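Participant: File follows, coords25.tsv with TSV, C-alpha atoms:
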```
chain	number	residue	atom	x	y	z
K	1	GLN	CA	-7.58	11.80	30.56
K	2	PHE	CA	-6.35	11.43	26.97
K	3	TYR	CA	-9.20	9.05	26.20
K	4	GLN	CA	-11.76	11.45	27.65
K	5	ASP	CA	-10.27	14.34	25.69
K	6	GLU	CA	-10.42	12.30	22.51
K	7	ILE	CA	-14.08	11.43	23.13
K	8	SER	CA	-14.88	15.09	23.74
K	9	ARG	CA	-13.05	16.08	20.57
K	10	GLN	CA	-14.96	13.43	18.60
K	11	LYS	CA	-18.31	14.65	19.90
K	12	TRP	CA	-17.42	18.27	19.16
K	13	LEU	CA	-16.33	17.39	15.64
K	14	GLN	CA	-19.48	15.39	14.99
K	15	GLN	CA	-21.60	18.28	16.18
K	16	PHE	CA	-19.62	20.77	14.07
K	17	ILE	CA	-20.01	18.65	10.94
K	18	LYS	CA	-23.73	18.27	11.57
K	19	GLU	CA	-24.44	21.92	12.40
K	20	HIS	CA	-22.62	23.24	9.35
K	21	ASP	CA	-23.70	20.43	7.02
K	22	LEU	CA	-20.04	20.12	6.13
K	23	LEU	CA	-20.27	16.92	4.08
K	24	HIS	CA	-22.97	18.35	1.87
K	25	MET	CA	-20.99	21.58	1.43
K	26	VAL	CA	-17.93	19.70	0.15
K	27	VAL	CA	-20.01	17.52	-2.17
K	28	ARG	CA	-21.79	20.61	-3.47
K	29	SER	CA	-18.41	22.30	-4.00
K	30	LEU	CA	-17.24	19.38	-6.15
K	31	GLU	CA	-20.50	19.43	-8.10
K	32	MET	CA	-20.15	23.15	-8.83
K	33	TYR	CA	-16.50	22.76	-9.82
K	34	MET	CA	-17.26	19.90	-12.21
K	35	GLY	CA	-20.01	21.99	-13.75
K	36	LEU	CA	-17.52	24.78	-14.41
K	37	VAL	CA	-15.06	22.33	-15.92
K	38	GLN	CA	-17.67	20.96	-18.30
K	39	VAL	CA	-18.50	24.46	-19.45
K	40	SER	CA	-14.86	25.41	-19.91
K	41	SER	CA	-13.89	22.18	-21.67
K	42	SER	CA	-13.21	22.65	-25.37
K	43	THR	CA	-13.75	18.98	-26.27
K	44	GLY	CA	-17.25	19.47	-27.64
K	45	GLY	CA	-18.74	16.83	-25.38
K	46	ALA	CA	-16.12	14.12	-25.94
K	47	VAL	CA	-14.34	12.60	-22.95
K	48	PRO	CA	-10.65	13.68	-22.93
K	49	SER	CA	-7.97	11.02	-22.80
K	50	TYR	CA	-5.93	12.95	-20.24
K	51	CYS	CA	-6.96	15.51	-17.67
K	52	GLU	CA	-4.12	17.81	-18.73
K	53	ILE	CA	-5.78	18.67	-22.03
K	54	ILE	CA	-8.79	20.26	-20.33
K	55	ASN	CA	-8.76	24.04	-20.24
K	56	LEU	CA	-9.47	24.87	-16.59
K	57	SER	CA	-8.64	28.56	-16.61
K	58	ASP	CA	-12.26	29.57	-16.20
K	59	ALA	CA	-12.82	27.08	-13.37
K	60	ASP	CA	-9.75	27.68	-11.19
K	61	SER	CA	-6.29	28.59	-12.43
K	62	HIS	CA	-4.50	27.80	-9.15
K	63	TYR	CA	-4.78	24.02	-9.23
K	64	ASN	CA	-4.92	21.43	-11.97
K	65	HIS	CA	-7.94	19.21	-12.43
K	66	ASP	CA	-6.53	16.20	-10.62
K	67	GLU	CA	-5.71	18.33	-7.57
K	68	GLN	CA	-9.14	19.93	-7.56
K	69	VAL	CA	-10.89	16.56	-7.42
K	70	LYS	CA	-8.38	14.79	-5.16
K	71	GLU	CA	-8.36	17.49	-2.48
K	72	ARG	CA	-12.13	17.44	-2.16
K	73	LEU	CA	-12.32	13.65	-2.05
K	74	ASP	CA	-9.50	13.41	0.49
K	75	PHE	CA	-11.18	16.04	2.66
K	76	LEU	CA	-14.43	14.08	2.55
K	77	LEU	CA	-12.62	10.89	3.63
K	78	VAL	CA	-10.90	12.63	6.55
K	79	THR	CA	-14.14	14.31	7.62
K	80	LEU	CA	-16.09	11.05	7.49
K	81	LYS	CA	-13.41	9.17	9.40
K	82	SER	CA	-12.81	11.86	12.02
K	83	GLY	CA	-16.45	12.72	12.53
K	84	GLY	CA	-17.68	9.13	12.55
K	85	GLY	CA	-20.60	10.01	10.30
K	86	SER	CA	-21.92	8.57	7.06
K	87	LEU	CA	-22.67	10.01	3.65
K	88	SER	CA	-26.34	10.31	2.75
K	89	TRP	CA	-27.80	8.81	-0.42
K	90	GLU	CA	-28.37	12.30	-1.83
K	91	ASP	CA	-24.71	13.27	-1.46
K	92	ALA	CA	-23.44	9.84	-2.56
K	93	GLU	CA	-25.55	10.06	-5.72
K	94	THR	CA	-24.19	13.54	-6.46
K	95	LEU	CA	-20.62	12.26	-6.09
K	96	TRP	CA	-21.36	9.29	-8.34
K	97	ASN	CA	-22.89	11.49	-11.03
K	98	CYS	CA	-19.96	13.94	-10.87
K	99	LEU	CA	-17.19	11.36	-11.09
K	100	ILE	CA	-18.68	8.36	-12.88
K	101	GLY	CA	-22.02	9.25	-14.42
K	102	SER	CA	-21.00	12.44	-16.21
K	103	LEU	CA	-17.34	12.27	-17.15
K	104	VAL	CA	-15.04	15.23	-17.58
K	105	CYS	CA	-11.98	13.03	-18.02
K	106	ASN	CA	-11.43	9.29	-18.02
K	107	ALA	CA	-9.30	9.37	-14.87
K	108	ASP	CA	-12.25	10.72	-12.87
K	109	LYS	CA	-14.18	7.50	-13.35
K	110	GLU	CA	-11.41	5.34	-11.87
K	111	LYS	CA	-10.89	7.91	-9.12
K	112	GLY	CA	-14.58	7.68	-8.28
K	113	PHE	CA	-14.61	3.89	-8.12
K	114	TYR	CA	-11.49	3.94	-5.94
K	115	TRP	CA	-13.02	6.48	-3.57
K	116	PHE	CA	-16.19	4.46	-3.10
K	117	CYS	CA	-14.07	1.36	-2.46
K	118	GLU	CA	-12.23	3.29	0.24
K	119	VAL	CA	-15.34	4.42	2.10
K	120	ILE	CA	-16.89	0.95	1.92
K	121	ASP	CA	-13.73	-0.92	2.96
K	122	LYS	CA	-12.53	1.05	5.96
K	123	TRP	CA	-15.61	2.04	7.93
K	124	PRO	CA	-19.37	2.42	7.45
K	125	ALA	CA	-19.02	5.82	5.79
K	126	LEU	CA	-21.98	5.27	3.45
K	127	SER	CA	-25.49	5.03	4.82
K	128	LEU	CA	-27.25	1.72	4.24
K	129	GLU	CA	-29.64	3.50	1.89
K	130	ALA	CA	-26.72	4.89	-0.11
K	131	GLN	CA	-25.02	1.49	-0.34
K	132	LYS	CA	-28.11	-0.28	-1.62
K	133	ASN	CA	-29.12	2.46	-4.04
K	134	ILE	CA	-25.65	2.70	-5.55
K	135	LEU	CA	-25.68	-1.07	-6.01
K	136	THR	CA	-29.18	-1.31	-7.50
K	137	GLN	CA	-29.52	2.03	-9.29
K	138	LYS	CA	-25.98	2.95	-10.34
K	139	ILE	CA	-23.26	0.34	-10.67
K	140	THR	CA	-25.54	-2.45	-11.95
K	141	LYS	CA	-26.65	-0.12	-14.75
K	142	LEU	CA	-23.11	0.04	-16.16
K	143	ASP	CA	-22.05	-2.15	-19.06
K	144	PRO	CA	-20.71	-5.31	-17.35
K	145	ALA	CA	-18.33	-5.93	-20.25
K	146	SER	CA	-16.53	-2.63	-19.68
K	147	LEU	CA	-15.91	-2.80	-15.91
K	148	SER	CA	-12.32	-2.17	-14.87
K	149	GLN	CA	-10.73	-4.05	-11.99
K	150	THR	CA	-11.41	-1.08	-9.70
K	151	ALA	CA	-15.05	-0.91	-10.79
K	152	TRP	CA	-15.45	-4.65	-10.24
K	153	ARG	CA	-13.93	-4.35	-6.77
K	154	CYS	CA	-16.37	-1.51	-6.01
K	155	PHE	CA	-19.28	-3.69	-7.12
K	156	MET	CA	-18.10	-6.62	-5.01
K	157	ARG	CA	-17.72	-4.47	-1.89
K	158	LEU	CA	-21.26	-3.17	-2.31
K	159	PHE	CA	-22.59	-6.63	-3.17
K	160	LEU	CA	-21.13	-8.13	0.01
K	161	TRP	CA	-22.06	-5.29	2.37
K	162	VAL	CA	-25.62	-4.86	1.13
K	163	ASN	CA	-26.40	-8.55	1.27
K	164	GLN	CA	-24.76	-8.82	4.67
K	165	SER	CA	-26.88	-5.95	5.99
K	166	GLU	CA	-29.99	-7.77	4.71
K	167	LYS	CA	-28.78	-10.98	6.39
K	168	LYS	CA	-28.52	-12.82	3.09
K	169	LEU	CA	-24.75	-13.31	3.43
K	170	LYS	CA	-22.57	-13.74	6.48
K	171	ARG	CA	-19.02	-12.48	6.06
K	172	VAL	CA	-16.30	-14.81	7.32
K	173	ARG	CA	-12.50	-14.79	7.42
K	174	SER	CA	-11.25	-12.94	4.35
K	175	GLU	CA	-13.03	-9.82	3.07
K	176	ASP	CA	-14.41	-11.58	-0.01
K	177	SER	CA	-15.51	-14.76	1.73
K	178	ALA	CA	-19.08	-15.34	2.90
K	179	VAL	CA	-21.63	-17.97	3.88
K	180	THR	CA	-24.91	-17.80	1.98
K	181	GLN	CA	-28.01	-17.55	4.13
K	182	ASP	CA	-30.48	-16.59	1.39
K	183	LEU	CA	-29.94	-17.27	-2.32
K	184	ASP	CA	-32.12	-14.34	-3.39
K	185	LEU	CA	-29.14	-11.97	-3.36
K	186	VAL	CA	-29.24	-8.32	-4.35
K	187	GLY	CA	-27.09	-7.87	-7.47
K	188	LEU	CA	-26.62	-11.58	-8.23
K	189	HIS	CA	-28.00	-11.28	-11.76
K	190	TYR	CA	-25.43	-8.55	-12.52
K	191	LEU	CA	-22.65	-10.78	-11.16
K	192	TRP	CA	-23.72	-13.41	-13.70
K	193	GLN	CA	-23.58	-10.76	-16.44
K	194	ILE	CA	-20.06	-9.81	-15.45
K	195	ALA	CA	-18.94	-13.44	-15.49
K	196	LEU	CA	-20.41	-13.90	-18.96
K	197	CYS	CA	-19.54	-10.58	-20.59
K	198	SER	CA	-16.30	-9.24	-19.14
K	199	SER	CA	-13.28	-9.17	-21.42
K	200	ASN	CA	-10.95	-9.17	-18.40
K	201	GLU	CA	-9.92	-12.74	-17.60
K	202	SER	CA	-9.13	-11.93	-13.98
K	203	ILE	CA	-12.58	-10.42	-13.44
K	204	VAL	CA	-14.21	-13.42	-15.14
K	205	ASP	CA	-12.28	-15.84	-12.91
K	206	GLN	CA	-13.11	-13.95	-9.73
K	207	SER	CA	-16.78	-13.57	-10.67
K	208	THR	CA	-17.25	-17.24	-11.55
K	209	SER	CA	-15.53	-18.23	-8.32
K	210	MET	CA	-17.85	-15.97	-6.37
K	211	ILE	CA	-20.93	-17.43	-8.06
K	212	ARG	CA	-19.70	-20.95	-7.29
K	213	ASP	CA	-18.99	-20.08	-3.65
K	214	ILE	CA	-22.43	-18.49	-3.24
K	215	HIS	CA	-24.04	-21.79	-4.21
K	216	THR	CA	-21.67	-24.08	-2.31
K	217	CYS	CA	-20.79	-22.19	0.90
K	218	LEU	CA	-24.24	-22.56	2.42
K	219	SER	CA	-25.59	-21.95	5.90
K	220	ASP	CA	-26.75	-24.89	8.01
K	221	ALA	CA	-30.36	-24.05	7.16
K	222	LEU	CA	-29.70	-24.14	3.41
K	223	GLN	CA	-27.63	-27.31	3.71
K	224	GLU	CA	-30.86	-29.16	4.44
K	225	ASP	CA	-31.93	-28.51	0.82
K	226	VAL	CA	-28.47	-28.89	-0.73
K	227	ALA	CA	-29.57	-31.40	-3.40
K	228	LYS	CA	-32.35	-29.12	-4.60
K	229	ILE	CA	-30.05	-26.08	-4.53
K	230	ARG	CA	-27.39	-27.86	-6.60
K	231	GLN	CA	-29.93	-28.87	-9.22
K	232	GLU	CA	-31.33	-25.34	-9.40
K	233	PHE	CA	-27.77	-24.02	-9.73
K	234	ILE	CA	-27.08	-26.35	-12.65
K	235	ASP	CA	-30.34	-25.24	-14.26
K	236	ASP	CA	-29.33	-21.58	-13.75
K	237	CYS	CA	-25.94	-22.23	-15.36
K	238	ILE	CA	-27.59	-23.79	-18.41
K	239	GLU	CA	-30.09	-20.95	-18.69
K	240	HIS	CA	-27.45	-18.21	-18.43
K	241	LEU	CA	-25.13	-19.95	-20.88
K	242	THR	CA	-27.99	-20.44	-23.33
K	243	ASN	CA	-28.95	-16.78	-23.07
K	244	ALA	CA	-25.32	-15.84	-23.57
K	245	LEU	CA	-25.14	-17.93	-26.74
K	246	ASP	CA	-28.37	-16.40	-28.02
K	247	GLY	CA	-26.87	-12.98	-27.32
K	248	GLY	CA	-23.87	-13.75	-29.51
K	249	LEU	CA	-21.10	-13.70	-26.90
K	250	ARG	CA	-17.59	-14.59	-28.06
K	251	SER	CA	-16.69	-18.26	-27.85
K	252	HIS	CA	-13.83	-17.78	-25.38
K	253	GLU	CA	-16.18	-15.98	-22.99
K	254	ILE	CA	-18.60	-18.89	-23.19
K	255	PHE	CA	-15.75	-21.27	-22.51
K	256	GLU	CA	-14.74	-19.30	-19.41
K	257	SER	CA	-18.33	-19.12	-18.17
K	258	ASN	CA	-18.83	-22.84	-18.72
K	259	SER	CA	-16.42	-23.45	-15.84
K	260	ILE	CA	-19.23	-22.46	-13.48
K	261	ALA	CA	-21.40	-25.31	-14.69
K	262	ASN	CA	-18.49	-27.74	-14.46
K	263	CYS	CA	-17.94	-26.77	-10.84
K	264	ALA	CA	-21.62	-27.20	-10.09
K	265	VAL	CA	-21.66	-30.71	-11.53
```
Please re-express this file's structure in structure tokens.
Facilitator:
Amino acid sequence: QFYQDEISRQKWLQQFIKEHDLLHMVVRSLEMYMGLVQVSSSTGGAVPSYCEIINLSDADSHYNHDEQVKERLDFLLVTLKSGGGSLSWEDAETLWNCLIGSLVCNADKEKGFYWFCEVIDKWPALSLEAQKNILTQKITKLDPASLSQTAWRCFMRLFLWVNQSEKKLKRVRSEDSAVTQDLDLVGLHYLWQIALCSSNESIVDQSTSMIRDIHTCLSDALQEDVAKIRQEFIDDCIEHLTNALDGGLRSHEIFESNSIANCAV
């Protein structure tokens, strides 16, 4: 009886969310709020260092900025989880632009990356269209040298899920482990850029390890051409390192990136 009641509740909630377009309403609410904050900010277009310095009296005097954003994001997470739905590309893009694309305060950017990590990690709360478009049109347009650990984790979640959905990777064991089924991966070029440009040693190490694993953890079908794949990988390493040198990257970044080629050999 409890199970049947829970199923009925789930169906009712899904129908309620759909009929009232609840997800879009919350996203639109955040968009309107952030617009008010931008208008009321006295920073003259500069990004504040701390949310507390923003004058929010014209937007909403009852809650501070962090609470305004957090409550809406938490409500979206609960609604997505409880209703079993997924966020459309239109709403996902609006959220991205509010939190990451058009900053009101620096903390919003990290909050945005963390939120997208949450919805990707726990359940399929983003539509496949939204996942791929965020990967190809949003996160890979950011400066790879400036990615924080949270931003990198967001990229990796999207990279793995999108390529898995396109049957180019097969996830195994741990969340960041996969078998390569097709080397023409969505976002692979950006992963190379991160490995070559990031100033964060941990991100560089994790990115180079991922690139190495992509070219060594191969499906049975790809194993048949393993010699050719290894040679092409070595050629790719040389090409990327040469381009990095031509682009004037710092010597220690080249040294870190060179570990990829060493592993390939």
Participant: Which residues, written as number ranges by chain, have at least one atom at most 9 Å from segment 82-95 of chain K, with all atoms listed in the file counted and residues fewer than 2 positions away on the same chain left out?
Facilitator: K: 10-18, 23-24, 27-28, 30-31, 77-80, 97-101, 112, 123-131, 133-134, 138
Participant: Give me a file of those residues, with C-alpha atoms, as a tab-separated table (two decimals), in the coordinates of the input.
Facilitator:
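Printed below is out_0.tsv as written:
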```tsv
chain	number	residue	atom	x	y	z
K	10	GLN	CA	-14.96	13.43	18.60
K	11	LYS	CA	-18.31	14.65	19.90
K	12	TRP	CA	-17.42	18.27	19.16
K	13	LEU	CA	-16.33	17.39	15.64
K	14	GLN	CA	-19.48	15.39	14.99
K	15	GLN	CA	-21.60	18.28	16.18
K	16	PHE	CA	-19.62	20.77	14.07
K	17	ILE	CA	-20.01	18.65	10.94
K	18	LYS	CA	-23.73	18.27	11.57
K	23	LEU	CA	-20.27	16.92	4.08
K	24	HIS	CA	-22.97	18.35	1.87
K	27	VAL	CA	-20.01	17.52	-2.17
K	28	ARG	CA	-21.79	20.61	-3.47
K	30	LEU	CA	-17.24	19.38	-6.15
K	31	GLU	CA	-20.50	19.43	-8.10
K	77	LEU	CA	-12.62	10.89	3.63
K	78	VAL	CA	-10.90	12.63	6.55
K	79	THR	CA	-14.14	14.31	7.62
K	80	LEU	CA	-16.09	11.05	7.49
K	97	ASN	CA	-22.89	11.49	-11.03
K	98	CYS	CA	-19.96	13.94	-10.87
K	99	LEU	CA	-17.19	11.36	-11.09
K	100	ILE	CA	-18.68	8.36	-12.88
K	101	GLY	CA	-22.02	9.25	-14.42
K	112	GLY	CA	-14.58	7.68	-8.28
K	123	TRP	CA	-15.61	2.04	7.93
K	124	PRO	CA	-19.37	2.42	7.45
K	125	ALA	CA	-19.02	5.82	5.79
K	126	LEU	CA	-21.98	5.27	3.45
K	127	SER	CA	-25.49	5.03	4.82
K	128	LEU	CA	-27.25	1.72	4.24
K	129	GLU	CA	-29.64	3.50	1.89
K	130	ALA	CA	-26.72	4.89	-0.11
K	131	GLN	CA	-25.02	1.49	-0.34
K	133	ASN	CA	-29.12	2.46	-4.04
K	134	ILE	CA	-25.65	2.70	-5.55
K	138	LYS	CA	-25.98	2.95	-10.34
```
Participant: Which residue is closest to Ser219 of chain K? Choose from K:Cys237, K:Cys197, K:Ile203, K:Leu169 and count only C-alpha atoms.
Facilitator: K:Leu169
Participant: Using only C-alpha atoms, which protein or nucleic acid residues come within 10 Å of Gly187 of chain K? Drop anything in the same chain fewer than 2 positions from it, and give the result as a count of residues only.
Facilitator: 18
Participant: Counting only C-alpha atoms, which of K:Leu147, K:Met25, K:Ala221, K:Val69 gets nearest to Ser198 of chain K?
Facilitator: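 Among K:Leu147, K:Met25, K:Ala221, K:Val69, it is K:Leu147 that comes nearest to Ser198 of chain K.
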Participant: Write out as a list in words each polymer residue whose atoms come within 7 Å of Thr150 of chain K, counting all atoms listed in the file; drop sequence neighbours fewer than 5 positions from it.
Facilitator: Glu110, Phe113 and Tyr114 of chain K
Participant: Mind giving me the straight-line distance from atom CA of Ser207 of chain K to atom CA of Ala227 of chain K in Å, one decimal?
Facilitator: 23.1 Å
Participant: So what do you get for atom CA of Leu22 of chain K versus atom CA of Lys111 of chain K, distance-wise?
Facilitator: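 Interatomic distance, atom CA of Leu22 of chain K to atom CA of Lys111 of chain K: 21.6 Å.
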Participant: Find the residue from K:Ile211, K:Val39, K:Val119, K:Val179 that sits nearest to Asp236 of chain K; use all atoms listed in the file when measuring.
Facilitator: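 Ranked by minimum distance to Asp236 of chain K, first place goes to K:Ile211.
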Participant: In terms of the shortest atom-to-atom distance over all atoms listed in the file, which of K:Glu67, K:Asp74, K:Glu166, K:Asp182 is closest to Phe116 of chain K?
Facilitator: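 Checking each candidate against Phe116 of chain K, we get K:Asp74 as the closest.
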Participant: Measuring atom to atom with all atoms listed in the file, identify which of K:Ala244, K:Ile234, K:Ala178, K:Ile120 is nearest to Arg153 of chain K.
Facilitator: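 Smallest separation from Arg153 of chain K among the options: K:Ile120.
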Participant: Please provide as number ranges by chain all residues within 10 Å of Thr216 of chain K, with the sequence filter that same-chain residues fewer than 2 positions apart are discarded (counting only C-alpha atoms).
Facilitator: K: 179-180, 210-214, 218-219, 222-223, 226, 229-230, 233, 263-264
Participant: Point out the residue among K:Leu245, K:Leu196, K:Leu142, K:Cys117 with the least atom-to-atom distance to Arg157 of chain K, counting only C-alpha atoms.
Facilitator: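 Of the candidates, the smallest distance to Arg157 of chain K is held by K:Cys117.
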Participant: For atom CA of Gln206 of chain K and atom CA of Asp108 of chain K, quote the distance in Å rounded to one decimal.
Facilitator: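 Calculated distance between atom CA of Gln206 of chain K and atom CA of Asp108 of chain K is 24.9 Å.
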Participant: Kindly output segment 101-116 of chain K as a short mmCIF file (atom, residue, chain, number, x, y, z; two decimals), in the coordinates of the input, after building N, CA and C atoms.
Facilitator:
```
data_model
loop_
_atom_site.label_atom_id
_atom_site.label_comp_id
_atom_site.auth_asym_id
_atom_site.auth_seq_id
_atom_site.Cartn_x
_atom_site.Cartn_y
_atom_site.Cartn_z
N GLY K 101 -20.88 9.14 -13.52
CA GLY K 101 -22.02 9.25 -14.42
C GLY K 101 -21.87 10.27 -15.52
N SER K 102 -21.16 11.36 -15.23
CA SER K 102 -21.00 12.44 -16.21
C SER K 102 -19.53 12.82 -16.26
N LEU K 103 -18.80 12.16 -17.14
CA LEU K 103 -17.34 12.27 -17.15
C LEU K 103 -16.83 13.60 -17.70
N VAL K 104 -15.83 14.13 -17.04
CA VAL K 104 -15.04 15.23 -17.58
C VAL K 104 -13.75 14.66 -18.16
N CYS K 105 -13.14 13.74 -17.48
CA CYS K 105 -11.98 13.03 -18.02
C CYS K 105 -12.02 11.59 -17.56
N ASN K 106 -11.37 10.71 -18.30
CA ASN K 106 -11.43 9.29 -18.02
C ASN K 106 -10.90 8.93 -16.63
N ALA K 107 -9.89 9.67 -16.17
CA ALA K 107 -9.30 9.37 -14.87
C ALA K 107 -10.29 9.58 -13.74
N ASP K 108 -11.27 10.47 -13.92
CA ASP K 108 -12.25 10.72 -12.87
C ASP K 108 -13.07 9.48 -12.54
N LYS K 109 -13.37 8.70 -13.55
CA LYS K 109 -14.18 7.50 -13.35
C LYS K 109 -13.46 6.52 -12.43
N GLU K 110 -12.18 6.24 -12.72
CA GLU K 110 -11.41 5.34 -11.87
C GLU K 110 -11.24 5.93 -10.47
N LYS K 111 -11.03 7.24 -10.41
CA LYS K 111 -10.89 7.91 -9.12
C LYS K 111 -12.16 7.75 -8.29
N GLY K 112 -13.30 7.84 -8.96
CA GLY K 112 -14.58 7.68 -8.28
C GLY K 112 -14.77 6.27 -7.74
N PHE K 113 -14.49 5.27 -8.58
CA PHE K 113 -14.61 3.89 -8.12
C PHE K 113 -13.68 3.63 -6.94
N TYR K 114 -12.46 4.14 -7.02
CA TYR K 114 -11.49 3.94 -5.94
C TYR K 114 -11.98 4.58 -4.65
N TRP K 115 -12.54 5.78 -4.76
CA TRP K 115 -13.02 6.48 -3.57
C TRP K 115 -14.16 5.71 -2.90
N PHE K 116 -15.09 5.23 -3.67
CA PHE K 116 -16.19 4.46 -3.10
C PHE K 116 -15.69 3.16 -2.48
#
```
